[in-house]
2 protein chains.
Amino acid sequence: MTTQFVFDFATTTKVTKELAGGKGANLAEMTRIGLPVPPGFTITTEACLQYDAAGRKLPDTIREQTLTALAELEAKTGKRLGDNTNPLFVSVRSGAVVSMPGMMDTVLNLGMNDDTARAFAEQTGNPRFAYDCYRRFLQMFSDVVLGVDMFYFERELEHYREQKGYKTDPELTADDWKELIQTFKLIVQKKHKQPFPEDPHEQLMLAVAAVFRSWYNDRAMIYRRVHHIPHTLGTAVNIQSMVFGNMGDTSGTGVAFTRNPSTGEATLYGEYLVNAQGEDVVAGIRTPNPIAELASAMPDVFAQFKETCERLEAHYRDMQDIEFTVEDGKLYLLQTRNGKRTAAAGVRIAVEMVREGILTREEALLRVDADQVDKLLHARIDDSVDRDVFAKGLPASPGAASGAIVFSADDAAKRAADGERVILVRPETTPDDIHGIIAAEAVLTTRGGMTSHAAVVARGMGKACVCGCEELNVGENTLSVAGETLVEGTIITLDGGTGEVYIGEAPMVMPELSDEFNELLTWADDVRRMMVRANADQPLDAKRAVEFGAEGIGLCRTEHMFMEADRIPVVREMIFAKTMTEREAALQRLEPMQEEDFFGLFEEMGGRPVTIRLLDPPLHEFLPDKEELIVRVTELGITGEHPAELTEKRRLLSLVSELEEKNPMLGHRGCRLGMTHPEIYAMQARAIFKAAVRSGAVPEVMIPLVGHVNELAAMRAVVEEEAARVEADQGVTLTYTVGTMIEVPRAAITADVIAAEADFFSFGTNDLTQTTFGYSRDDAEGKFLTQYVERETLPRNPFVHIDEDGVGRLVRQGVELGRGSKPGLKAGICGEHGGDPESIDFCERVGLDYVSCSPYRVPTARLAAAQATLRLRSGETVEV
Amino acid sequence: MTTQFVFDFATTTKVTKELAGGKGANLAEMTRIGLPVPPGFTITTEACLQYDAAGRKLPDTIREQTLTALAELEAKTGKRLGDNTNPLFVSVRSGAVVSMPGMMDTVLNLGMNDDTARAFAEQTGNPRFAYDCYRRFLQMFSDVVLGVDMFYFERELEHYREQKGYKTDPELTADDWKELIQTFKLIVQKKHKQPFPEDPHEQLMLAVAAVFRSWYNDRAMIYRRVHHIPHTLGTAVNIQSMVFGNMGDTSGTGVAFTRNPSTGEATLYGEYLVNAQGEDVVAGIRTPNPIAELASAMPDVFAQFKETCERLEAHYRDMQDIEFTVEDGKLYLLQTRNGKRTAAAGVRIAVEMVREGILTREEALLRVDADQVDKLLHARIDDSVDRDVFAKGLPASPGAASGAIVFSADDAAKRAADGERVILVRPETTPDDIHGIIAAEAVLTTRGGMTSHAAVVARGMGKACVCGCEELNVGENTLSVAGETLVEGTIITLDGGTGEVYIGEAPMVMPELSDEFNELLTWADDVRRMMVRANADQPLDAKRAVEFGAEGIGLCRTEHMFMEADRIPVVREMIFAKTMTEREAALQRLEPMQEEDFFGLFEEMGGRPVTIRLLDPPLHEFLPDKEELIVRVTELGITGEHPAELTEKRRLLSLVSELEEKNPMLGHRGCRLGMTHPEIYAMQARAIFKAAVRSGAVPEVMIPLVGHVNELAAMRAVVEEEAARVEADQGVTLTYTVGTMIEVPRAAITADVIAAEADFFSFGTNDLTQTTFGYSRDDAEGKFLTQYVERETLPRNPFVHIDEDGVGRLVRQGVELGRGSKPGLKAGICGEHGGDPESIDFCERVGLDYVSCSPYRVPTARLAAAQATLRLRSGETVEV
């Protein structure tokens, strides 16, 4: 049996979204429930893959089935494609399974040629409209299908306007357009080396192929990579009879969300343009009117639209993003889909839909993108400081950001790669700017509305965006308003929640969790099995973590305490000590400082568990920069100045050289330091236990970088000896545990043996990823890892999402072996993966007891842990 | 039932070597077969452990059993310990399970006090002899048991001699000794704070405890560490009635091997001293006579001894190392054991014992220490060059070595740690010098014979040694002969096979394999299952490898070819290329050089398989030293000289900085280079295939550092594309395979998936050990690994012997997963472990197809592979 590649919207067969794409499936669904959808049909995603497999050619089966469906469409509309009296015009749109807004190509008004345009002019009695449609089709088709750059047509149009003394397009008459159409055809002939195809059937097949081809274009590939959409999904193509929003003042086109996608508020949110075609709204070329104004402009249409919105939301049980066109007073729906939203809106909508009885709590929990919710904790500008607003635009995507202004996506990408925070400033953005938006902290545009490309994309990425800031002028590498001009590199701050732009870096404050978010997290806490802890080194971090719901500290890095300015000299004394007596003296000075550090942390955590990792990095991290020393020693050696400094610097240089390592990541660090300098670990243990006595805490002492059980046994003995000493000195009985990081492969492989000496395991998946792959993260990310991810050598960056096949297998083995020899052994994760929802899902599946992450990821982790529990309960695995 | 801690030599119970120690078990065995052994008994190793467990005190049970055995000994000899008319004297000697020559303490003549000495004087009619024995006992007991340094006694003796005008000890009379004995007792009183114990039973218990204690002294601990002897074995103590070799000219003592322990020749080999106690021979204080001279000195004794030697060798089926004493013309055996031997002797003895029908071939194969046989391939001095001999001593341990002379063990250890090759020069060595001997290339002594401490230890370690070079004078940090004086640090060369010493570094030549060794290896080849390949980068290495029996090349490191002086500039051009055209131009110049490299290798290997690894190290390894550049740039910047050089150096510095990595081991290297610079791998592949076409070789192209199957797939595609191009260009069909190194944990863990793209696996266990442990070998060995091995945190150095529990588990998993998805997948090992017998045993057990090692380890690997096959066949596992 021949595969069915084409499905009419009105088909009775239930066509999956995977096959018909999101748009096609929803058009069919809307047709099915009786909403006003222009008739048409869908060519499936499977056809796209066939097209690719056939060497980017349309197989005959697909052509034939398309022509059959076209014939049915002609029968249904009573019009015929290419007919000289009653011509059918169609739109040809892509429709992927996962929405990729603006990424792929679309052709409107297909079917136009000299004959059908003339017929259309006669039929509508509006030759200017008909020829405007024709020239739009010519431009769009030539650009998208034939690859003739839009620029040539725009230049010709501009030239023509100047010649004629016109200021705007509406001044052009039907004859003007007719003249231009002939010029446009000459451009096509010249650039494309072939005449413009007048045959509408040829146009159709070429357009279908072009849409399929656009699935494989660069910007679509990048978008999919960023959003982790498999390239193998393919896109469907939707052929739909045209309705015209540009037929005059009773026509129009618009885009609306059933709820506010920025805040989540349950009011219609969107924009429309009178007398315009759909692309005009999305492209951001004209600034549209708020949707609410449609109520007065076209009351009947608005009422019908509002009712339709409610129906669609109830039907899909989610906030909808709807495209519509009004043709001569009649409403048509061109698309509906679940709307993209900010994290804040996502949370509010989910919670309110539970209150409204639309969703269950479990559904609501699964509905929110856990990876995005830490955006809710992003900084906003401190209101308590008065600042002069430089400019104000539309609050298109909330959040505040500071950075250096740049005027092209390439510059944004380049400067960001050098570690600079940049804000991308453009008159408007296009899909070609996507890499710049990814690189920028925020986006500022001078044109376009809340549903313009920049706004939609920025919201999707959770980046701050101010749109349509029309008072600003973008010149060549300058941005100016009322006489004030900013050049490239100037630091500005913008607030996407208010639309305000400031010069310089504004002080930020951290927001509270919203009530809805708090409610959602409470539901998450009820559901989740795993505990959530935070990685925190300072009392302030600990406080923040507890506010965000952390149930303990999973990783306190003691070396951060050593790095403080007033301690570095003492730390260096310790490192350079020539005798044990000298070293002990330095340690004695460090001990009370460490004790206060731990005491502060214990107090802040008020009895919650605190895991403290003993000193981990190589000692030379605490030393002065070697290359600077070399320069200074060379200088002083030549000039003969400051002989005392020269002696001292030479001494330092020799000490630094002695401690230098070729691969410090794999060198003398972690418990290897403790093994060769047990006095350091002993000092830290004393400080921990003394602080514990004072605050009544139950510390969990963690030994880093253990590879062999003997290391853990030896370090455990050092810790226990100090505990016994503190107990004896102070006449108390301490409660504490001693555990280990599992962060080199050997520890995971021999976890059964190591468990004998460990009260708990904490998987340090940052280092475990480095050693399992043999990557130094510092070197890899700059040199080859970016390419690996871009070219999909690796499915994802293993430092962001745990590599389940490799690193994950070691984690699983570590848990199983550890609990095999010590049933019920407590095990957690404290690498960065502890705050990544996908990795948290993995942690749930391997049965870890807790995840630990940075304080700001704690809400994410609480939600993700609940989602993981729900997914595991329903047997679903995480989507990768 | 009480444990039996004491066994009489004449016991009918068969006491194991583990319990009685080697010496005790053999004394009992010799007693059993009727050889003349002085009666006595053994206190077991178990008693030693009990002594330690009881806090280094002798438990009562052990005391009581000792006294009971003593009573039996008294009954048997008719003498009594401490008796005033017929006193018994005993020796108290250690006896470990594994021989540790000179490591532990011994006390002779125990039972002496003022009364028994007088009785002994009367009994023997030789007061001078009796009091000499007494003072010897006093010195030895005070030193070993009471911890009063021998020095104080020697100083007093010297002082006394001067006072009396004596030149040598024999001039002292009985009265002189008596007088000195009283002085010695005062020394003991002063230093030990207690009088010398006159009670022989107290002496006995103190001496037993001292021997047990000596098991735990530092030098014994170091010796065991070096020789991998477990500390938990403990030592036994042998109490034996004294026989006196110092009773006059019809008495004597000696040491002999049943075959020559240096060459293996089947003739008696040893030394004896007339009128001496046993320790005099081993201590090397007097230079003894060759054993052959005993035939004329004491013909009857010699005949009896020779017959006894033959009997013992037949009984033990191995070459014996025998200690004997002649008391007034009567032969007594004091010890026999399997003799230590050089690698050459080991091979010759094993092969000749097969010829003599004593051993089977399989037994002979297992008898030779595979780890030692590469010593047979050690350099010897090139005879074709005439050289002046500086001095000549005894050829105590064969092999030739050059190095800087040092005069103390500490200096030897220090300079060797800095990477210097040193030769330890001492008048004689003692067990306290052990760390210096380990550190040195060779040992030179001016006193002592072929069985002196230096000679025995050096042979055991396979180090060259020249002993008893009496013409040399060792001064304070000088070495002189006939007016010529060498200072510390002077380079000398010595030949332990001839006893010759030369000034300066002599040219060396490599020896041929001996006929016996070749025969043994042929037997090994018949037995072994695994193939043996060599790691070789140059035709010369390949030639050598084939001569040694390599059956292919398992690892050709192409980067070594890039390092050559004439290529480095071109390699740098390639690295610094700003455009692909520039890079391609540099690669084009490298390609013919590489092609010649490979052609040379293929020709040398004559059709044997050759595995070529594509470029592996990070590119910056080919660049100039950064710190030197910084110094030069700073200098030129200040002085203003050579502005052109400054510009160039600055440019270089910036390029070098760009390529610098924090952890190069884990950085942009291996296939990651190939992924980002496929043109380099393409060039190498072309060179390989062009060379293969010319020589008809079947190359095995190996992709390094693969962690994800996609890397291998991509690099395989590059290689295959070049193969296809060469095939097309030259109209040939190539045969080749493409495989991968398994050298990061992820590769082993996902070996099932990787196998799909691999024709073979080669385990790179050097890097796999680094990543599995998270050790950088460069950093670890200097900073903590030495301590880890010394303190037994790690049972052994995992870079020398494969870590079976960790790294080994990954290798096993890699093999199983790989063959699970691709049955029969060829797998080998090419890390340094490929030449380590223990690791080879592991490779056999996991079923690898081949091992690959350095050319000089090939014979070792052939033998070790055969031993592994034999062990696996008999179900025995390797002794660790």
# chains A, B, ... in the order shown; residues from 1 in each chain; ligands from 1
>>> interface_residues(of="chain B", to="chain A", cutoff="7 Å", atoms="only C-alpha atoms", output="ChimeraX atom specification")
/B:630-631,634-635,661-668,672,676,707,710-711,744-746,749-750,771-776,778-780,783-784,793,806
>>> write_last_selection(atoms="C-alpha atoms", output="short mmCIF file (atom, residue, chain, number, x, y, z; two decimals), in the first residue's frame")
data_model
loop_
_atom_site.label_atom_id
_atom_site.label_comp_id
_atom_site.auth_asym_id
_atom_site.auth_seq_id
_atom_site.Cartn_x
_atom_site.Cartn_y
_atom_site.Cartn_z
CA ILE B 630 58.51 35.96 28.38
CA VAL B 631 62.03 36.53 29.64
CA THR B 634 60.81 41.51 28.84
CA GLU B 635 64.55 41.93 28.24
CA GLU B 661 46.36 24.74 28.09
CA LYS B 662 45.77 24.44 31.80
CA ASN B 663 45.74 20.65 31.72
CA PRO B 664 47.26 19.59 28.43
CA MET B 665 46.84 15.91 29.29
CA LEU B 666 43.09 16.47 29.17
CA GLY B 667 43.10 19.10 26.50
CA HIS B 668 43.06 19.53 22.78
CA ARG B 672 40.16 16.03 19.25
CA THR B 676 39.16 20.22 14.60
CA GLY B 707 35.69 8.92 24.09
CA ASN B 710 31.07 9.75 16.88
CA GLU B 711 34.70 10.79 17.10
CA VAL B 744 39.72 7.18 28.62
CA PRO B 745 37.17 5.54 30.92
CA ARG B 746 34.26 6.55 28.73
CA ILE B 749 32.33 2.01 29.39
CA THR B 750 30.79 2.49 25.94
CA THR B 771 42.16 9.22 33.89
CA THR B 772 40.77 6.39 35.99
CA PHE B 773 42.71 7.52 39.04
CA GLY B 774 42.60 11.18 38.08
CA TYR B 775 46.41 11.29 38.26
CA SER B 776 48.73 13.22 36.03
CA ASP B 778 54.14 13.80 35.63
CA ASP B 779 52.80 15.48 38.72
CA ALA B 780 51.85 12.45 40.78
CA LYS B 783 54.44 14.87 44.54
CA PHE B 784 52.49 12.11 46.19
CA THR B 793 48.19 3.61 50.38
CA GLY B 806 40.14 -0.27 39.03
#
>>> residues_around(residues="range 440-443 of chain A", least_positions_apart="3", cutoff="8 Å", atoms="only C-alpha atoms", output="list in words")
Ala401, Ser402, Gly403, Ala412, Ala413, Ala416, Arg421, Val422, Ile423, Leu424, Val425, Arg426, Gly436, Ile437, Ala454, Ala458, Lys463, Ala464, Cys465, Val466, Cys467 and Leu494 of chain A
>>> write_last_selection(atoms="C-alpha atoms", output="mmCIF file, in the first residue's frame")
data_model
loop_
_atom_site.group_PDB
_atom_site.id
_atom_site.type_symbol
_atom_site.label_atom_id
_atom_site.label_comp_id
_atom_site.auth_asym_id
_atom_site.auth_seq_id
_atom_site.Cartn_x
_atom_site.Cartn_y
_atom_site.Cartn_z
ATOM 1 C CA ALA A 401 20.487 43.089 32.335
ATOM 2 C CA SER A 402 23.564 45.234 31.894
ATOM 3 C CA GLY A 403 26.148 45.019 29.169
ATOM 4 C CA ALA A 412 27.588 40.153 19.905
ATOM 5 C CA ALA A 413 28.787 36.605 19.364
ATOM 6 C CA ALA A 416 30.519 37.354 24.247
ATOM 7 C CA ARG A 421 28.448 40.782 28.604
ATOM 8 C CA VAL A 422 26.751 42.478 25.670
ATOM 9 C CA ILE A 423 23.355 43.871 24.764
ATOM 10 C CA LEU A 424 22.332 43.475 21.161
ATOM 11 C CA VAL A 425 20.819 46.647 19.703
ATOM 12 C CA ARG A 426 19.028 46.366 16.341
ATOM 13 C CA GLY A 436 23.654 37.173 18.397
ATOM 14 C CA ILE A 437 20.557 36.882 20.547
ATOM 15 C CA ALA A 454 12.977 39.782 18.929
ATOM 16 C CA ALA A 458 13.898 36.573 23.762
ATOM 17 C CA LYS A 463 16.355 36.858 28.058
ATOM 18 C CA ALA A 464 15.347 40.412 28.857
ATOM 19 C CA CYS A 465 14.051 42.337 25.840
ATOM 20 C CA VAL A 466 12.816 45.877 25.184
ATOM 21 C CA CYS A 467 11.134 46.286 21.804
ATOM 22 C CA LEU A 494 17.638 47.598 30.462
#
>>> select_by_dssp(residues="range 536-619 of chain B", states="strand (DSSP E or B)", output="PyMOL selection string")
chain B and resi 553-557+610-613
>>> write_last_selection(atoms="N, CA, C and O atoms", output="PDB file, in the first residue's frame")
ATOM      1  N   ILE B 553      54.244  -4.371  15.025  1.00  0.00           N
ATOM      2  CA  ILE B 553      54.322  -3.139  15.801  1.00  0.00           C
ATOM      3  C   ILE B 553      52.921  -2.851  16.330  1.00  0.00           C
ATOM      4  O   ILE B 553      51.948  -2.811  15.576  1.00  0.00           O
ATOM      5  N   GLY B 554      52.831  -2.702  17.648  1.00  0.00           N
ATOM      6  CA  GLY B 554      51.535  -2.441  18.270  1.00  0.00           C
ATOM      7  C   GLY B 554      51.252  -0.967  18.423  1.00  0.00           C
ATOM      8  O   GLY B 554      50.116  -0.558  18.609  1.00  0.00           O
ATOM      9  N   LEU B 555      52.316  -0.168  18.356  1.00  0.00           N
ATOM     10  CA  LEU B 555      52.131   1.280  18.516  1.00  0.00           C
ATOM     11  C   LEU B 555      53.288   2.005  17.872  1.00  0.00           C
ATOM     12  O   LEU B 555      54.420   1.936  18.344  1.00  0.00           O
ATOM     13  N   CYS B 556      52.980   2.711  16.772  1.00  0.00           N
ATOM     14  CA  CYS B 556      53.942   3.649  16.198  1.00  0.00           C
ATOM     15  C   CYS B 556      53.396   5.032  16.485  1.00  0.00           C
ATOM     16  O   CYS B 556      52.301   5.382  16.052  1.00  0.00           O
ATOM     17  N   ARG B 557      54.143   5.816  17.257  1.00  0.00           N
ATOM     18  CA  ARG B 557      53.693   7.165  17.645  1.00  0.00           C
ATOM     19  C   ARG B 557      54.175   8.152  16.600  1.00  0.00           C
ATOM     20  O   ARG B 557      55.358   8.469  16.551  1.00  0.00           O
ATOM     21  N   VAL B 610      51.515  -3.583  11.377  1.00  0.00           N
ATOM     22  CA  VAL B 610      52.017  -2.324  11.941  1.00  0.00           C
ATOM     23  C   VAL B 610      50.813  -1.429  12.287  1.00  0.00           C
ATOM     24  O   VAL B 610      50.011  -1.095  11.419  1.00  0.00           O
ATOM     25  N   THR B 611      50.685  -1.099  13.552  1.00  0.00           N
ATOM     26  CA  THR B 611      49.626  -0.201  13.990  1.00  0.00           C
ATOM     27  C   THR B 611      50.190   1.206  14.122  1.00  0.00           C
ATOM     28  O   THR B 611      51.148   1.420  14.872  1.00  0.00           O
ATOM     29  N   ILE B 612      49.613   2.133  13.366  1.00  0.00           N
ATOM     30  CA  ILE B 612      50.106   3.513  13.390  1.00  0.00           C
ATOM     31  C   ILE B 612      49.063   4.406  14.043  1.00  0.00           C
ATOM     32  O   ILE B 612      47.912   4.464  13.607  1.00  0.00           O
ATOM     33  N   ARG B 613      49.481   5.055  15.096  1.00  0.00           N
ATOM     34  CA  ARG B 613      48.568   5.972  15.776  1.00  0.00           C
ATOM     35  C   ARG B 613      48.706   7.365  15.163  1.00  0.00           C
ATOM     36  O   ARG B 613      49.811   7.894  15.061  1.00  0.00           O
TER      37      ARG B 613
END
>>> residues_around(residues="range 146-163 of chain A", least_positions_apart="3", cutoff="12 Å", atoms="only C-alpha atoms", output="PyMOL selection string")
chain A and resi 105+107+135-143+166-173+176-177+179-197+203+206-207+209-211+213-214
>>> residues_around(residues="Cys830 in chain A", least_positions_apart="2", cutoff="6 Å", atoms="only C-alpha atoms", output="VMD selection string")
chain A and resid 764 834 852
>>> write_last_selection(atoms="N, CA and C atoms", output="PDB file, in the first residue's frame")
ATOM      1  N   GLY A 764      30.602  13.925  42.687  1.00  0.00           N
ATOM      2  CA  GLY A 764      31.107  15.193  42.151  1.00  0.00           C
ATOM      3  C   GLY A 764      31.192  15.038  40.645  1.00  0.00           C
ATOM      4  N   GLY A 834      23.537  18.893  39.602  1.00  0.00           N
ATOM      5  CA  GLY A 834      22.528  18.879  40.656  1.00  0.00           C
ATOM      6  C   GLY A 834      21.461  19.951  40.474  1.00  0.00           C
ATOM      7  N   SER A 852      22.282  18.528  45.188  1.00  0.00           N
ATOM      8  CA  SER A 852      22.728  19.790  45.766  1.00  0.00           C
ATOM      9  C   SER A 852      23.163  20.702  44.636  1.00  0.00           C
TER      10      SER A 852
END
>>> residues_around(residues="Phe120 in chain A", least_positions_apart="2", cutoff="8 Å", atoms="only C-alpha atoms", output="MDAnalysis selection string")
chainID A and resid 85:87 116:118 122:125 127 130
>>> residues_around(residues="Val255 in chain A", least_positions_apart="5", cutoff="9 Å", atoms="only C-alpha atoms", output="number ranges by chain")
A: 269-272, 278, 281-282, 291, 321-325, 451
>>> write_last_selection(atoms="C-alpha atoms", output="CSV table (one decimal), in the first residue's frame")
chain,number,residue,atom,x,y,z
A,269,TYR,CA,-2.8,39.7,24.9
A,270,GLY,CA,-1.8,40.5,21.4
A,271,GLU,CA,-1.8,42.9,18.4
A,272,TYR,CA,-3.4,43.4,15.1
A,278,GLY,CA,0.0,38.1,8.4
A,281,VAL,CA,2.7,41.6,12.3
A,282,VAL,CA,5.4,39.0,13.0
A,291,ILE,CA,-5.6,43.6,20.6
A,321,ASP,CA,-1.0,31.5,20.7
A,322,ILE,CA,-3.4,32.2,17.8
A,323,GLU,CA,-3.0,33.7,14.4
A,324,PHE,CA,-6.0,35.2,12.7
A,325,THR,CA,-7.0,37.1,9.7
A,451,THR,CA,5.0,39.7,19.2
>>> atom_distance(atom1="CA of Trp523 in chain A", atom2="CA of Met353 in chain A")
14.1 Å
>>> closest_residue(among="B:Gln684, B:Thr522, B:Thr250, B:Asn797", to="Gln594 in chain B", atoms="only C-alpha atoms")
B:Gln684
>>> closest_residue(among="A:Arg583, A:Arg337, A:Arg286, A:Arg796", to="Glu29 in chain A", atoms="only C-alpha atoms")
A:Arg337
>>> select_by_dssp(residues="range 400-500 of chain A", states="helix (DSSP H, G or I)", output="ChimeraX atom specification")
/A:409-417,431-439,453-461
>>> write_last_selection(atoms="N, CA and C atoms", output="mmCIF file, in the first residue's frame")
data_model
loop_
_atom_site.group_PDB
_atom_site.id
_atom_site.type_symbol
_atom_site.label_atom_id
_atom_site.label_comp_id
_atom_site.auth_asym_id
_atom_site.auth_seq_id
_atom_site.Cartn_x
_atom_site.Cartn_y
_atom_site.Cartn_z
ATOM 1 N N ALA A 409 24.740 41.001 15.230
ATOM 2 C CA ALA A 409 24.741 39.685 15.862
ATOM 3 C C ALA A 409 26.149 39.108 15.879
ATOM 4 N N ASP A 410 26.907 39.346 14.795
ATOM 5 C CA ASP A 410 28.279 38.829 14.751
ATOM 6 C C ASP A 410 29.128 39.433 15.858
ATOM 7 N N ASP A 411 29.012 40.764 16.025
ATOM 8 C CA ASP A 411 29.784 41.405 17.088
ATOM 9 C C ASP A 411 29.376 40.870 18.458
ATOM 10 N N ALA A 412 28.078 40.666 18.619
ATOM 11 C CA ALA A 412 27.588 40.153 19.905
ATOM 12 C C ALA A 412 28.242 38.805 20.196
ATOM 13 N N ALA A 413 28.235 37.945 19.177
ATOM 14 C CA ALA A 413 28.787 36.605 19.364
ATOM 15 C C ALA A 413 30.276 36.684 19.669
ATOM 16 N N LYS A 414 30.973 37.552 18.929
ATOM 17 C CA LYS A 414 32.417 37.646 19.086
ATOM 18 C C LYS A 414 32.793 38.148 20.481
ATOM 19 N N ARG A 415 32.144 39.274 20.888
ATOM 20 C CA ARG A 415 32.509 39.848 22.195
ATOM 21 C C ARG A 415 32.083 38.925 23.342
ATOM 22 N N ALA A 416 30.964 38.265 23.189
ATOM 23 C CA ALA A 416 30.519 37.354 24.247
ATOM 24 C C ALA A 416 31.489 36.185 24.382
ATOM 25 N N ALA A 417 31.997 35.728 23.227
ATOM 26 C CA ALA A 417 32.958 34.627 23.260
ATOM 27 C C ALA A 417 34.201 35.035 24.030
ATOM 28 N N PRO A 431 15.499 36.206 11.796
ATOM 29 C CA PRO A 431 16.034 34.892 12.166
ATOM 30 C C PRO A 431 17.547 34.788 11.950
ATOM 31 N N ASP A 432 18.107 35.625 11.066
ATOM 32 C CA ASP A 432 19.558 35.562 10.864
ATOM 33 C C ASP A 432 20.350 36.072 12.069
ATOM 34 N N ASP A 433 19.665 36.757 12.976
ATOM 35 C CA ASP A 433 20.373 37.307 14.144
ATOM 36 C C ASP A 433 20.434 36.321 15.310
ATOM 37 N N ILE A 434 19.923 35.129 15.093
ATOM 38 C CA ILE A 434 19.701 34.211 16.205
ATOM 39 C C ILE A 434 20.963 33.982 17.056
ATOM 40 N N HIS A 435 22.140 33.865 16.397
ATOM 41 C CA HIS A 435 23.363 33.600 17.178
ATOM 42 C C HIS A 435 23.730 34.790 18.054
ATOM 43 N N GLY A 436 23.381 35.980 17.597
ATOM 44 C CA GLY A 436 23.654 37.173 18.397
ATOM 45 C C GLY A 436 22.734 37.254 19.604
ATOM 46 N N ILE A 437 21.506 36.854 19.430
ATOM 47 C CA ILE A 437 20.557 36.882 20.547
ATOM 48 C C ILE A 437 20.995 35.861 21.604
ATOM 49 N N ILE A 438 21.431 34.701 21.131
ATOM 50 C CA ILE A 438 21.914 33.676 22.066
ATOM 51 C C ILE A 438 23.079 34.220 22.885
ATOM 52 N N ALA A 439 23.958 34.964 22.210
ATOM 53 C CA ALA A 439 25.176 35.439 22.881
ATOM 54 C C ALA A 439 24.910 36.614 23.815
ATOM 55 N N HIS A 453 9.702 39.427 16.179
ATOM 56 C CA HIS A 453 10.689 38.343 16.246
ATOM 57 C C HIS A 453 11.550 38.431 17.511
ATOM 58 N N ALA A 454 12.086 39.621 17.771
ATOM 59 C CA ALA A 454 12.977 39.782 18.929
ATOM 60 C C ALA A 454 12.252 39.412 20.215
ATOM 61 N N ALA A 455 11.003 39.867 20.349
ATOM 62 C CA ALA A 455 10.251 39.630 21.575
ATOM 63 C C ALA A 455 9.982 38.140 21.777
ATOM 64 N N VAL A 456 9.536 37.496 20.710
ATOM 65 C CA VAL A 456 9.189 36.072 20.812
ATOM 66 C C VAL A 456 10.427 35.243 21.157
ATOM 67 N N VAL A 457 11.494 35.519 20.436
ATOM 68 C CA VAL A 457 12.704 34.728 20.650
ATOM 69 C C VAL A 457 13.278 34.987 22.046
ATOM 70 N N ALA A 458 13.327 36.249 22.456
ATOM 71 C CA ALA A 458 13.898 36.573 23.762
ATOM 72 C C ALA A 458 13.084 35.927 24.869
ATOM 73 N N ARG A 459 11.764 36.004 24.756
ATOM 74 C CA ARG A 459 10.938 35.362 25.785
ATOM 75 C C ARG A 459 11.211 33.869 25.840
ATOM 76 N N GLY A 460 11.338 33.270 24.660
ATOM 77 C CA GLY A 460 11.605 31.836 24.606
ATOM 78 C C GLY A 460 12.900 31.476 25.312
ATOM 79 N N MET A 461 13.862 32.371 25.192
ATOM 80 C CA MET A 461 15.161 32.090 25.810
ATOM 81 C C MET A 461 15.251 32.632 27.226
#
>>> residues_around(residues="range 691-694 of chain B", least_positions_apart="6", cutoff="8 Å", atoms="only C-alpha atoms", output="PyMOL selection string")
chain B and resi 595-596+598-599+602+732+734
>>> atom_distance(atom1="CA of Thr267 in chain A", atom2="CA of Gln867 in chain A")
28.1 Å
